[in-house]
Amino acid sequence: MSAEYVNDVEAAIKQLEDNMNNHRYRNLGIGQLQGYMFEEWGAGTFNIDATAADSADRASVLHSTVKDSVDIQLKSGDAYSAKSYGTAEQTAKAQARFNPETGKASYQHQGRLVPSDQLEGAKKAAHMEELRNKPIREDVSKAYGETEAKLTDKITNDEGVESRSISRKDLEKMARESKKQEFKAEKYGVTTESSISAEYLLKQALKAGYTTAAITVAVQLAPEIHKAIDFLIKNGELDPSQGKHIGEKGISAGAEGFLRGSISSALLIMCKKGALGEAFKKINPTLLGAAVTLVLQTTKNSILVAAGKMSTRQMGEAFMNAVIISSGISSGYFVGGIIGQAFGFTLPVLGYLLGSLIGTSFCVVYNIGKRKLISFCVDTGFTCFGLVEQNYELPEDVLHEMGVETIEIPRARIETTEIPRAAISAPELKRADYETIDITVLRRGVIGVNKIGYVFS
């Protein structure tokens, strides 16, 4: 769904470029051609935004030669007259043109689309003409008043979809580029990244989440439903407790499926639209799926730790095992960078921590394995979130060797029963002791299961 969505936005941008570069009036002069570019730009950028917003509404340039006809028609019903003249005053007069036959403005009830750098000037000019004509020609005055209210530099609809504004100067540039068929939307800021806003991304992510939730529920509930039907056939009734179990499992499956679908979709859209850079535009969705699974599992485990149902050591081991299983997919900086940046979009702190943690772990595991991680913890003192315990206490015999006195803690003696033992005599061997300088060398090493401390070398 995410890939198709991004492809649709890219197709809408490509359509804008085709319309601008292959216009039927491409051989006209710049002054005339820029007006046709204005129509194509307004309709094209509206359609790009409509596609990104997942709206069914679309704008069409009618290319009509009938006098006072509509320039741009929306599928939702609204119509627009697009005018771009040399000055704001000229543009305002063209938009407010009076029709003697109807006694109203020629473009009555239409939106009056004008270049962005002429909008304020056109409104002022229309207002001045409204006041000037009021004492002498009230119908003309009303035409200017209605025009002033309808003047805009963007095409909009009731859903909030809108086109992009453009200046007269840029329209002339577009006309020159159109003549050479060199118009590029990216030059004017129209890209998949700029078109897919945070709001639209979230909307698509939620949509994908609902779909994934439905699929997950269906798949996970299928065996339970089969059991229920089988039970009903055999016994003639459905066990209420089994129905409760289905409901509980459905909620759990739906919630997790929703999260997986939403997060995966949001990440893939961000990658495809270029929000994370060119390198991630062709990312493998499987890699993202593995990364999302890893993040969700770690998040779930962290909740269990907070609730006291899992220790930090258990969480660390579970995380490392998950990373080791997934380590063959890609290198660490790649996955860590994606998750860190993508989740930083809405969860800056959590995104940074998870991204860094996953990235570091992937690097360690991908390159050398779990044993190297332990070695890394020995050398640096890093605990890897409780996976490895660091013990900085020196054994008593080592302290005594160093001349450090210790206080003995009184201990209670417990009476025990002595068991008679037979003493076996053995010859004693005499040993010669050499006088040497006694040097004790310590090193940090593994002295237990995932426990690092000081041992004799």
# chains A, B, ... in the order shown; residues from 1 in each chain; ligands from 1
>>> select_by_dssp(residues="segment 43-243 of chain A", states="helix (DSSP H, G or I)", output="PyMOL selection string")
chain A and resi 43-52+88-95+116-133+138-150+168-179+185-188+192-195+198-235+240-243
>>> residues_around(residues="Phe183 of chain A", least_positions_apart="4", cutoff="10 Å", atoms="only C-alpha atoms", output="ChimeraX atom specification")
/A:16-22,173-179,187-188
>>> residues_around(residues="Gln32 of chain A", least_positions_apart="3", cutoff="10 Å", atoms="only C-alpha atoms", output="PDB file with C-alpha atoms, in the first residue's frame")
ATOM      1  CA  TYR A  25       0.111  26.335 -27.274  1.00  0.00           C
ATOM      2  CA  ARG A  26       3.845  25.884 -26.703  1.00  0.00           C
ATOM      3  CA  ASN A  27       4.703  27.956 -29.786  1.00  0.00           C
ATOM      4  CA  LEU A  28       3.016  31.154 -28.502  1.00  0.00           C
ATOM      5  CA  GLY A  29       4.982  34.102 -27.158  1.00  0.00           C
ATOM      6  CA  GLY A  35      -1.064  32.325 -18.871  1.00  0.00           C
ATOM      7  CA  TYR A  36      -1.569  28.752 -20.080  1.00  0.00           C
ATOM      8  CA  MET A  37       1.276  27.644 -17.821  1.00  0.00           C
ATOM      9  CA  SER A  84      -2.068  36.529 -15.197  1.00  0.00           C
ATOM     10  CA  TYR A  85      -1.406  39.971 -16.736  1.00  0.00           C
ATOM     11  CA  GLU A 172       7.468  33.398 -17.443  1.00  0.00           C
ATOM     12  CA  ALA A 175       6.977  29.368 -20.366  1.00  0.00           C
TER      13      ALA A 175
END
>>> closest_residue(among="A:Asp170, A:Asp158, A:Asp153, A:Asp49", to="Ser76 of chain A", atoms="only C-alpha atoms")
A:Asp158
>>> atom_distance(atom1="atom CA of Arg58 of chain A", atom2="atom CA of Ala105 of chain A")
25.9 Å
>>> closest_residue(among="A:Ala198, A:Leu131, A:Leu119, A:Ala3", to="Ser167 of chain A", atoms="only C-alpha atoms")
A:Leu119
>>> closest_residue(among="A:Ser165, A:Thr406, A:Thr147, A:Ser195", to="Ala126 of chain A", atoms="only C-alpha atoms")
A:Thr147
>>> residues_around(residues="Gly42 of chain A", least_positions_apart="4", cutoff="8 Å", atoms="only C-alpha atoms", output="mmCIF file with N, CA and C atoms, in the first residue's frame")
data_model
loop_
_atom_site.group_PDB
_atom_site.id
_atom_site.type_symbol
_atom_site.label_atom_id
_atom_site.label_comp_id
_atom_site.auth_asym_id
_atom_site.auth_seq_id
_atom_site.Cartn_x
_atom_site.Cartn_y
_atom_site.Cartn_z
ATOM 1 N N PHE A 38 0.009 28.943 -16.216
ATOM 2 C CA PHE A 38 -0.662 29.212 -14.947
ATOM 3 C C PHE A 38 -1.801 28.224 -14.722
ATOM 4 N N PHE A 46 -2.666 21.086 -7.685
ATOM 5 C CA PHE A 46 -3.851 20.676 -6.917
ATOM 6 C C PHE A 46 -3.993 19.157 -6.954
ATOM 7 N N LYS A 154 -4.532 30.373 -4.832
ATOM 8 C CA LYS A 154 -4.536 28.908 -4.724
ATOM 9 C C LYS A 154 -5.921 28.348 -5.035
ATOM 10 N N ILE A 155 -5.948 27.188 -5.635
ATOM 11 C CA ILE A 155 -7.189 26.438 -5.829
ATOM 12 C C ILE A 155 -7.392 25.578 -4.592
ATOM 13 N N SER A 163 -3.829 23.912 -4.337
ATOM 14 C CA SER A 163 -2.716 24.004 -5.290
ATOM 15 C C SER A 163 -1.609 24.846 -4.672
ATOM 16 N N ARG A 164 -0.518 24.988 -5.389
ATOM 17 C CA ARG A 164 0.593 25.819 -4.918
ATOM 18 C C ARG A 164 0.542 27.166 -5.621
ATOM 19 N N SER A 165 0.842 28.203 -4.882
ATOM 20 C CA SER A 165 0.875 29.538 -5.473
ATOM 21 C C SER A 165 2.145 29.696 -6.313
#
>>> residues_around(residues="Gly274 of chain A", least_positions_apart="5", cutoff="10 Å", atoms="only C-alpha atoms", output="PyMOL selection string")
chain A and resi 191-194+268-269+279-282
>>> residues_around(residues="Tyr200 of chain A", least_positions_apart="4", cutoff="7 Å", atoms="only C-alpha atoms", output="compact mmCIF listing (two decimals) with N, CA and C atoms, in the first residue's frame")
# COMPACT_ATOMS: atom_id res chain seq x y z
N ALA A 52 -1.73 13.10 -2.72
CA ALA A 52 -1.04 12.92 -1.44
C ALA A 52 -2.01 12.88 -0.28
N ALA A 53 -3.12 13.64 -0.39
CA ALA A 53 -4.13 13.66 0.68
C ALA A 53 -5.11 12.51 0.58
N ILE A 196 4.30 15.04 0.25
CA ILE A 196 3.75 14.17 1.30
C ILE A 196 4.08 14.79 2.64
N GLN A 204 -1.89 7.96 5.83
CA GLN A 204 -1.61 6.72 5.12
C GLN A 204 -1.15 5.62 6.06
>>> closest_residue(among="A:Gly261, A:Gly160, A:Gly121, A:Gly31", to="Asp54 of chain A", atoms="only C-alpha atoms")
A:Gly160
